[in-house]
Amino acid sequence: MLHQGSKGAGWLCRSPPPHFPVHSGSVSLLLPGVAFCERPAISKPSSEPVWRGLCAPPARMEAGSWAPRRWPCPPGIVLLALASVLSSLLSSGQARVYSRCELARVLQDFGLEGYRGYSLADWICLAYFASGFNTGAVDHEADGSTNSGIFQINSRKWCKNLNPNVPNLCQMYCSDLLNPNLKDTVICAMKITQDPQGLGSWEAWRHHCQGKDLSDWVDGCEL
């Protein structure tokens with residue numbers, strides 16, 4: 001029903017059914033019925049906030065039937081959504097997916113061949129099963145830590161993320177591990193390999209590479 005609202009002259013208010021759904025990602029909520037008010041279109045520029053254009057009140061399509069086109073939402077939700085999209089774009093913008101032989105040559109130039117007794121093929125195998133050769137890969141663990149970069153180095157111990165109380169043994173931010181030039185990633189990976197477990201610190205290497213013939217990982221590469 002349309003009626004003059006309490007917001008003042010010129011406003012029209014709609015009374016929705018007792019409850020209507022509000023969708024947020026994969027969650028649907030039922031909110032108590034509230035009256036949505038809107039001012040009829042006028043010729044002069046509107047002074048309404050920008051977010052109101054993104055989150056307009058639903059329109060009644062026919063008597064007794066509510067068919068919302070867009071859902072009401074507070075400006076904070078819009079800002080969070082925009083920040084999330086921007087963060088994803090920045091991360092994907094600097095990511096690089098190496099080819100097998102391209103990565104082998106880069107890691108060889110960094111001196112990983114034979115480092116701590118591990119072959120170049122060990123490192124290539126690890127990178128493939130950890131991230132698919134993707135320098136921008138980020139995985140979130142249930143405990144709030146993250147695995148970052150081509151070797152999926154974890155923030156619990158090796159790099160600094162949101163938690164200021166981690167050891168940060170590599171003395172770098174986890175975001176540094178996403179750089180496609182791999183310099184910081186290799187420095188940190190060497191630090192990890194100095195641990196008594198060596199490459200065994202990576203579950204991916206233990207499950208997919210340890211004790212196996214890895215010669216195919218560098219086969220055909222001009223090294």
# chains A, B, ... in the order shown; residues from 1 in each chain; ligands from 1

$ residues_around --residues "region 166-171 of chain A" --least-positions-apart "4" --cutoff "7 Å" --atoms "only C-alpha atoms" --output "count of residues only"
7

$ closest_residue --among "A:Asp139, A:Asp109, A:Glu203, A:Asp216" --to "Cys174 (chain A)" --atoms "only C-alpha atoms"
A:Asp139

$ atom_distance --atom1 "CA of His208 (chain A)" --atom2 "CA of Ile187 (chain A)"
23.1 Å

$ select_by_dssp --residues "region 69-223 of chain A" --states "strand (DSSP E)" --output "count of residues only"
8

$ residues_around --residues "Gly144 (chain A)" --least-positions-apart "6" --cutoff "10 Å" --atoms "only C-alpha atoms" --output "NGL selection string"
:A and (155-156 or 161-163)

$ write_last_selection --atoms "N, CA, C and O atoms" --output "CSV table (one decimal), in the first residue's frame"
chain,number,residue,atom,x,y,z
A,155,SER,N,51.7,-18.4,7.4
A,155,SER,CA,51.9,-17.2,8.2
A,155,SER,C,52.0,-17.5,9.7
A,155,SER,O,52.3,-16.6,10.5
A,156,ARG,N,51.7,-18.7,10.1
A,156,ARG,CA,51.8,-19.0,11.5
A,156,ARG,C,53.2,-18.8,12.1
A,156,ARG,O,53.4,-18.5,13.2
A,161,ASN,N,51.4,-11.4,8.8
A,161,ASN,CA,50.2,-11.1,8.1
A,161,ASN,C,49.4,-10.2,9.1
A,161,ASN,O,49.9,-9.2,9.5
A,162,LEU,N,48.1,-10.6,9.4
A,162,LEU,CA,47.3,-9.7,10.3
A,162,LEU,C,47.7,-9.9,11.8
A,162,LEU,O,47.4,-9.0,12.6
A,163,ASN,N,48.2,-11.1,12.1
A,163,ASN,CA,48.5,-11.4,13.5
A,163,ASN,C,49.9,-10.8,13.9
A,163,ASN,O,50.9,-11.3,13.3

$ residues_around --residues "Ser99 (chain A)" --least-positions-apart "3" --cutoff "12 Å" --atoms "only C-alpha atoms" --output "PDB file with N, CA, C and O atoms, in the first residue's frame"
ATOM      1  N   ARG A  96      51.357 -14.311 -11.349  1.00  0.00           N
ATOM      2  CA  ARG A  96      51.928 -14.894 -12.564  1.00  0.00           C
ATOM      3  C   ARG A  96      51.952 -16.404 -12.414  1.00  0.00           C
ATOM      4  O   ARG A  96      52.328 -16.931 -11.372  1.00  0.00           O
ATOM      5  N   GLU A 102      60.139 -22.726 -17.397  1.00  0.00           N
ATOM      6  CA  GLU A 102      60.426 -21.324 -17.063  1.00  0.00           C
ATOM      7  C   GLU A 102      60.754 -21.212 -15.580  1.00  0.00           C
ATOM      8  O   GLU A 102      61.727 -20.546 -15.193  1.00  0.00           O
ATOM      9  N   LEU A 103      59.967 -21.863 -14.753  1.00  0.00           N
ATOM     10  CA  LEU A 103      60.210 -21.831 -13.317  1.00  0.00           C
ATOM     11  C   LEU A 103      61.524 -22.529 -12.976  1.00  0.00           C
ATOM     12  O   LEU A 103      62.279 -22.066 -12.111  1.00  0.00           O
ATOM     13  N   ALA A 104      61.818 -23.630 -13.662  1.00  0.00           N
ATOM     14  CA  ALA A 104      63.074 -24.354 -13.407  1.00  0.00           C
ATOM     15  C   ALA A 104      64.282 -23.459 -13.656  1.00  0.00           C
ATOM     16  O   ALA A 104      65.239 -23.441 -12.874  1.00  0.00           O
ATOM     17  N   ARG A 105      64.227 -22.675 -14.717  1.00  0.00           N
ATOM     18  CA  ARG A 105      65.352 -21.784 -15.029  1.00  0.00           C
ATOM     19  C   ARG A 105      65.497 -20.679 -13.991  1.00  0.00           C
ATOM     20  O   ARG A 105      66.603 -20.331 -13.575  1.00  0.00           O
ATOM     21  N   VAL A 106      64.346 -20.126 -13.557  1.00  0.00           N
ATOM     22  CA  VAL A 106      64.395 -19.053 -12.552  1.00  0.00           C
ATOM     23  C   VAL A 106      64.955 -19.582 -11.233  1.00  0.00           C
ATOM     24  O   VAL A 106      65.829 -18.956 -10.614  1.00  0.00           O
ATOM     25  N   ILE A 124      60.489 -27.944  -8.198  1.00  0.00           N
ATOM     26  CA  ILE A 124      59.445 -27.820  -9.226  1.00  0.00           C
ATOM     27  C   ILE A 124      58.227 -28.666  -8.849  1.00  0.00           C
ATOM     28  O   ILE A 124      57.081 -28.222  -8.980  1.00  0.00           O
ATOM     29  N   ALA A 127      56.398 -26.840  -6.051  1.00  0.00           N
ATOM     30  CA  ALA A 127      55.657 -25.666  -6.533  1.00  0.00           C
ATOM     31  C   ALA A 127      54.380 -26.066  -7.261  1.00  0.00           C
ATOM     32  O   ALA A 127      53.346 -25.401  -7.132  1.00  0.00           O
ATOM     33  N   TYR A 128      54.442 -27.156  -8.017  1.00  0.00           N
ATOM     34  CA  TYR A 128      53.258 -27.585  -8.761  1.00  0.00           C
ATOM     35  C   TYR A 128      52.144 -28.039  -7.812  1.00  0.00           C
ATOM     36  O   TYR A 128      50.983 -27.632  -7.944  1.00  0.00           O
ATOM     37  N   GLY A 132      50.278 -24.900  -8.167  1.00  0.00           N
ATOM     38  CA  GLY A 132      50.084 -24.950  -9.605  1.00  0.00           C
ATOM     39  C   GLY A 132      50.938 -23.913 -10.323  1.00  0.00           C
ATOM     40  O   GLY A 132      50.541 -23.409 -11.375  1.00  0.00           O
ATOM     41  N   PHE A 133      52.109 -23.583  -9.736  1.00  0.00           N
ATOM     42  CA  PHE A 133      53.051 -22.588 -10.287  1.00  0.00           C
ATOM     43  C   PHE A 133      52.489 -21.166 -10.252  1.00  0.00           C
ATOM     44  O   PHE A 133      52.974 -20.294 -10.978  1.00  0.00           O
ATOM     45  N   ASN A 134      51.503 -20.908  -9.425  1.00  0.00           N
ATOM     46  CA  ASN A 134      50.851 -19.597  -9.365  1.00  0.00           C
ATOM     47  C   ASN A 134      51.458 -18.759  -8.240  1.00  0.00           C
ATOM     48  O   ASN A 134      51.307 -19.077  -7.061  1.00  0.00           O
ATOM     49  N   THR A 135      52.118 -17.644  -8.595  1.00  0.00           N
ATOM     50  CA  THR A 135      52.761 -16.806  -7.580  1.00  0.00           C
ATOM     51  C   THR A 135      51.749 -16.053  -6.717  1.00  0.00           C
ATOM     52  O   THR A 135      52.072 -15.622  -5.613  1.00  0.00           O
ATOM     53  N   TRP A 217      60.125 -33.806 -14.090  1.00  0.00           N
ATOM     54  CA  TRP A 217      59.782 -32.411 -13.779  1.00  0.00           C
ATOM     55  C   TRP A 217      60.712 -31.408 -14.480  1.00  0.00           C
ATOM     56  O   TRP A 217      60.346 -30.257 -14.664  1.00  0.00           O
ATOM     57  N   VAL A 218      61.910 -31.843 -14.831  1.00  0.00           N
ATOM     58  CA  VAL A 218      62.835 -30.943 -15.530  1.00  0.00           C
ATOM     59  C   VAL A 218      63.198 -31.501 -16.904  1.00  0.00           C
ATOM     60  O   VAL A 218      64.054 -30.952 -17.605  1.00  0.00           O
ATOM     61  N   CYS A 221      63.779 -29.335 -20.344  1.00  0.00           N
ATOM     62  CA  CYS A 221      64.072 -27.925 -20.043  1.00  0.00           C
ATOM     63  C   CYS A 221      65.548 -27.649 -20.371  1.00  0.00           C
ATOM     64  O   CYS A 221      66.427 -28.469 -20.051  1.00  0.00           O
TER      65      CYS A 221
END

$ residues_around --residues "Pro180 (chain A)" --least-positions-apart "6" --cutoff "10 Å" --atoms "only C-alpha atoms" --output "JSON, numbers by chain"
{"A": [94, 95, 96, 97, 98, 134, 135, 136, 149, 150]}

$ select_by_dssp --residues "region 98-170 of chain A" --states "helix (DSSP H, G or I)" --output "list of chain:residue names"
A:Arg100, A:Cys101, A:Glu102, A:Leu103, A:Ala104, A:Arg105, A:Val106, A:Leu107, A:Gln108, A:Asp109, A:Tyr115, A:Arg116, A:Gly117, A:Leu120, A:Ala121, A:Asp122, A:Trp123, A:Ile124, A:Cys125, A:Leu126, A:Ala127, A:Tyr128, A:Phe129, A:Ala130, A:Ser131

$ write_last_selection --atoms "N, CA and C atoms" --output "compact mmCIF listing (two decimals), in the first residue's frame"
# COMPACT_ATOMS: atom_id res chain seq x y z
N ARG A 100 56.49 -24.89 -16.44
CA ARG A 100 57.40 -25.79 -15.72
C ARG A 100 58.87 -25.43 -15.97
N CYS A 101 59.25 -25.33 -17.22
CA CYS A 101 60.66 -25.08 -17.54
C CYS A 101 61.06 -23.64 -17.23
N GLU A 102 60.14 -22.73 -17.40
CA GLU A 102 60.43 -21.32 -17.06
C GLU A 102 60.75 -21.21 -15.58
N LEU A 103 59.97 -21.86 -14.75
CA LEU A 103 60.21 -21.83 -13.32
C LEU A 103 61.52 -22.53 -12.98
N ALA A 104 61.82 -23.63 -13.66
CA ALA A 104 63.07 -24.35 -13.41
C ALA A 104 64.28 -23.46 -13.66
N ARG A 105 64.23 -22.68 -14.72
CA ARG A 105 65.35 -21.78 -15.03
C ARG A 105 65.50 -20.68 -13.99
N VAL A 106 64.35 -20.13 -13.56
CA VAL A 106 64.39 -19.05 -12.55
C VAL A 106 64.96 -19.58 -11.23
N LEU A 107 64.50 -20.73 -10.79
CA LEU A 107 64.97 -21.29 -9.53
C LEU A 107 66.43 -21.71 -9.62
N GLN A 108 66.85 -22.15 -10.78
CA GLN A 108 68.26 -22.48 -10.97
C GLN A 108 69.12 -21.22 -10.84
N ASP A 109 68.66 -20.12 -11.41
CA ASP A 109 69.40 -18.86 -11.31
C ASP A 109 69.49 -18.39 -9.86
N TYR A 115 70.60 -27.19 -3.37
CA TYR A 115 70.58 -26.52 -2.06
C TYR A 115 70.07 -27.47 -0.98
N ARG A 116 70.85 -27.61 0.07
CA ARG A 116 70.54 -28.51 1.18
C ARG A 116 70.27 -29.94 0.71
N GLY A 117 70.89 -30.31 -0.42
CA GLY A 117 70.77 -31.67 -0.91
C GLY A 117 69.54 -31.95 -1.75
N LEU A 120 66.67 -29.60 -8.26
CA LEU A 120 65.76 -28.62 -8.84
C LEU A 120 64.39 -29.25 -9.06
N ALA A 121 64.38 -30.53 -9.42
CA ALA A 121 63.11 -31.23 -9.64
C ALA A 121 62.27 -31.29 -8.37
N ASP A 122 62.92 -31.37 -7.19
CA ASP A 122 62.18 -31.35 -5.93
C ASP A 122 61.40 -30.05 -5.77
N TRP A 123 62.05 -28.95 -6.11
CA TRP A 123 61.41 -27.65 -5.98
C TRP A 123 60.29 -27.46 -6.99
N ILE A 124 60.49 -27.94 -8.20
CA ILE A 124 59.45 -27.82 -9.23
C ILE A 124 58.23 -28.67 -8.85
N CYS A 125 58.49 -29.86 -8.36
CA CYS A 125 57.40 -30.73 -7.91
C CYS A 125 56.63 -30.08 -6.77
N LEU A 126 57.35 -29.52 -5.81
CA LEU A 126 56.71 -28.83 -4.69
C LEU A 126 55.85 -27.67 -5.17
N ALA A 127 56.40 -26.84 -6.05
CA ALA A 127 55.66 -25.67 -6.53
C ALA A 127 54.38 -26.07 -7.26
N TYR A 128 54.44 -27.16 -8.02
CA TYR A 128 53.26 -27.59 -8.76
C TYR A 128 52.14 -28.04 -7.81
N PHE A 129 52.49 -28.89 -6.85
CA PHE A 129 51.45 -29.43 -5.97
C PHE A 129 51.04 -28.44 -4.87
N ALA A 130 51.86 -27.43 -4.62
CA ALA A 130 51.48 -26.40 -3.64
C ALA A 130 50.56 -25.36 -4.24
N SER A 131 50.88 -24.88 -5.45
CA SER A 131 50.13 -23.74 -6.00
C SER A 131 49.81 -23.85 -7.48

$ closest_residue --among "A:Asn154, A:Leu112, A:Ser148, A:Ala204" --to "Ser175 (chain A)" --atoms "only C-alpha atoms"
A:Ser148

$ atom_distance --atom1 "CA of Leu177 (chain A)" --atom2 "CA of Ile153 (chain A)"
7.9 Å

$ decode --residues "region 201-221 of chain A" --atoms "N, CA and C atoms" --output "mmCIF file, in the first residue's frame"
data_model
loop_
_atom_site.group_PDB
_atom_site.id
_atom_site.type_symbol
_atom_site.label_atom_id
_atom_site.label_comp_id
_atom_site.auth_asym_id
_atom_site.auth_seq_id
_atom_site.Cartn_x
_atom_site.Cartn_y
_atom_site.Cartn_z
ATOM 1 N N SER A 201 58.992 -29.945 5.556
ATOM 2 C CA SER A 201 58.116 -28.966 6.210
ATOM 3 C C SER A 201 56.849 -28.745 5.393
ATOM 4 N N TRP A 202 56.909 -29.065 4.091
ATOM 5 C CA TRP A 202 55.746 -28.918 3.213
ATOM 6 C C TRP A 202 55.021 -30.256 3.076
ATOM 7 N N GLU A 203 53.768 -30.275 3.454
ATOM 8 C CA GLU A 203 52.958 -31.486 3.308
ATOM 9 C C GLU A 203 52.846 -31.899 1.850
ATOM 10 N N ALA A 204 52.764 -30.923 0.959
ATOM 11 C CA ALA A 204 52.644 -31.226 -0.474
ATOM 12 C C ALA A 204 53.856 -31.992 -0.974
ATOM 13 N N TRP A 205 55.036 -31.617 -0.509
ATOM 14 C CA TRP A 205 56.252 -32.322 -0.948
ATOM 15 C C TRP A 205 56.294 -33.734 -0.370
ATOM 16 N N ARG A 206 55.926 -33.887 0.902
ATOM 17 C CA ARG A 206 55.942 -35.215 1.540
ATOM 18 C C ARG A 206 54.984 -36.176 0.832
ATOM 19 N N HIS A 207 53.818 -35.689 0.444
ATOM 20 C CA HIS A 207 52.793 -36.564 -0.134
ATOM 21 C C HIS A 207 53.007 -36.861 -1.618
ATOM 22 N N HIS A 208 53.596 -35.917 -2.354
ATOM 23 C CA HIS A 208 53.632 -36.064 -3.812
ATOM 24 C C HIS A 208 55.040 -36.194 -4.414
ATOM 25 N N CYS A 209 56.059 -35.807 -3.671
ATOM 26 C CA CYS A 209 57.389 -35.740 -4.271
ATOM 27 C C CYS A 209 58.440 -36.600 -3.564
ATOM 28 N N GLN A 210 58.361 -36.728 -2.280
ATOM 29 C CA GLN A 210 59.396 -37.416 -1.509
ATOM 30 C C GLN A 210 59.531 -38.872 -1.914
ATOM 31 N N GLY A 211 60.774 -39.283 -2.190
ATOM 32 C CA GLY A 211 61.072 -40.669 -2.506
ATOM 33 C C GLY A 211 60.638 -41.119 -3.887
ATOM 34 N N LYS A 212 60.282 -40.197 -4.763
ATOM 35 C CA LYS A 212 59.809 -40.559 -6.098
ATOM 36 C C LYS A 212 60.797 -40.109 -7.166
ATOM 37 N N ASP A 213 60.731 -40.751 -8.322
ATOM 38 C CA ASP A 213 61.547 -40.336 -9.461
ATOM 39 C C ASP A 213 60.967 -39.031 -10.007
ATOM 40 N N LEU A 214 61.722 -37.956 -9.855
ATOM 41 C CA LEU A 214 61.220 -36.635 -10.226
ATOM 42 C C LEU A 214 61.867 -36.091 -11.497
ATOM 43 N N SER A 215 62.564 -36.937 -12.217
ATOM 44 C CA SER A 215 63.314 -36.469 -13.384
ATOM 45 C C SER A 215 62.401 -35.842 -14.433
ATOM 46 N N ASP A 216 61.157 -36.283 -14.524
ATOM 47 C CA ASP A 216 60.250 -35.736 -15.540
ATOM 48 C C ASP A 216 59.951 -34.268 -15.310
ATOM 49 N N TRP A 217 60.125 -33.806 -14.090
ATOM 50 C CA TRP A 217 59.782 -32.411 -13.779
ATOM 51 C C TRP A 217 60.712 -31.408 -14.480
ATOM 52 N N VAL A 218 61.910 -31.843 -14.831
ATOM 53 C CA VAL A 218 62.835 -30.943 -15.530
ATOM 54 C C VAL A 218 63.198 -31.501 -16.904
ATOM 55 N N ASP A 219 62.539 -32.575 -17.306
ATOM 56 C CA ASP A 219 62.836 -33.178 -18.605
ATOM 57 C C ASP A 219 62.471 -32.219 -19.745
ATOM 58 N N GLY A 220 63.410 -32.042 -20.665
ATOM 59 C CA GLY A 220 63.181 -31.181 -21.827
ATOM 60 C C GLY A 220 63.447 -29.709 -21.584
ATOM 61 N N CYS A 221 63.779 -29.335 -20.344
ATOM 62 C CA CYS A 221 64.072 -27.925 -20.043
ATOM 63 C C CYS A 221 65.548 -27.649 -20.371
#
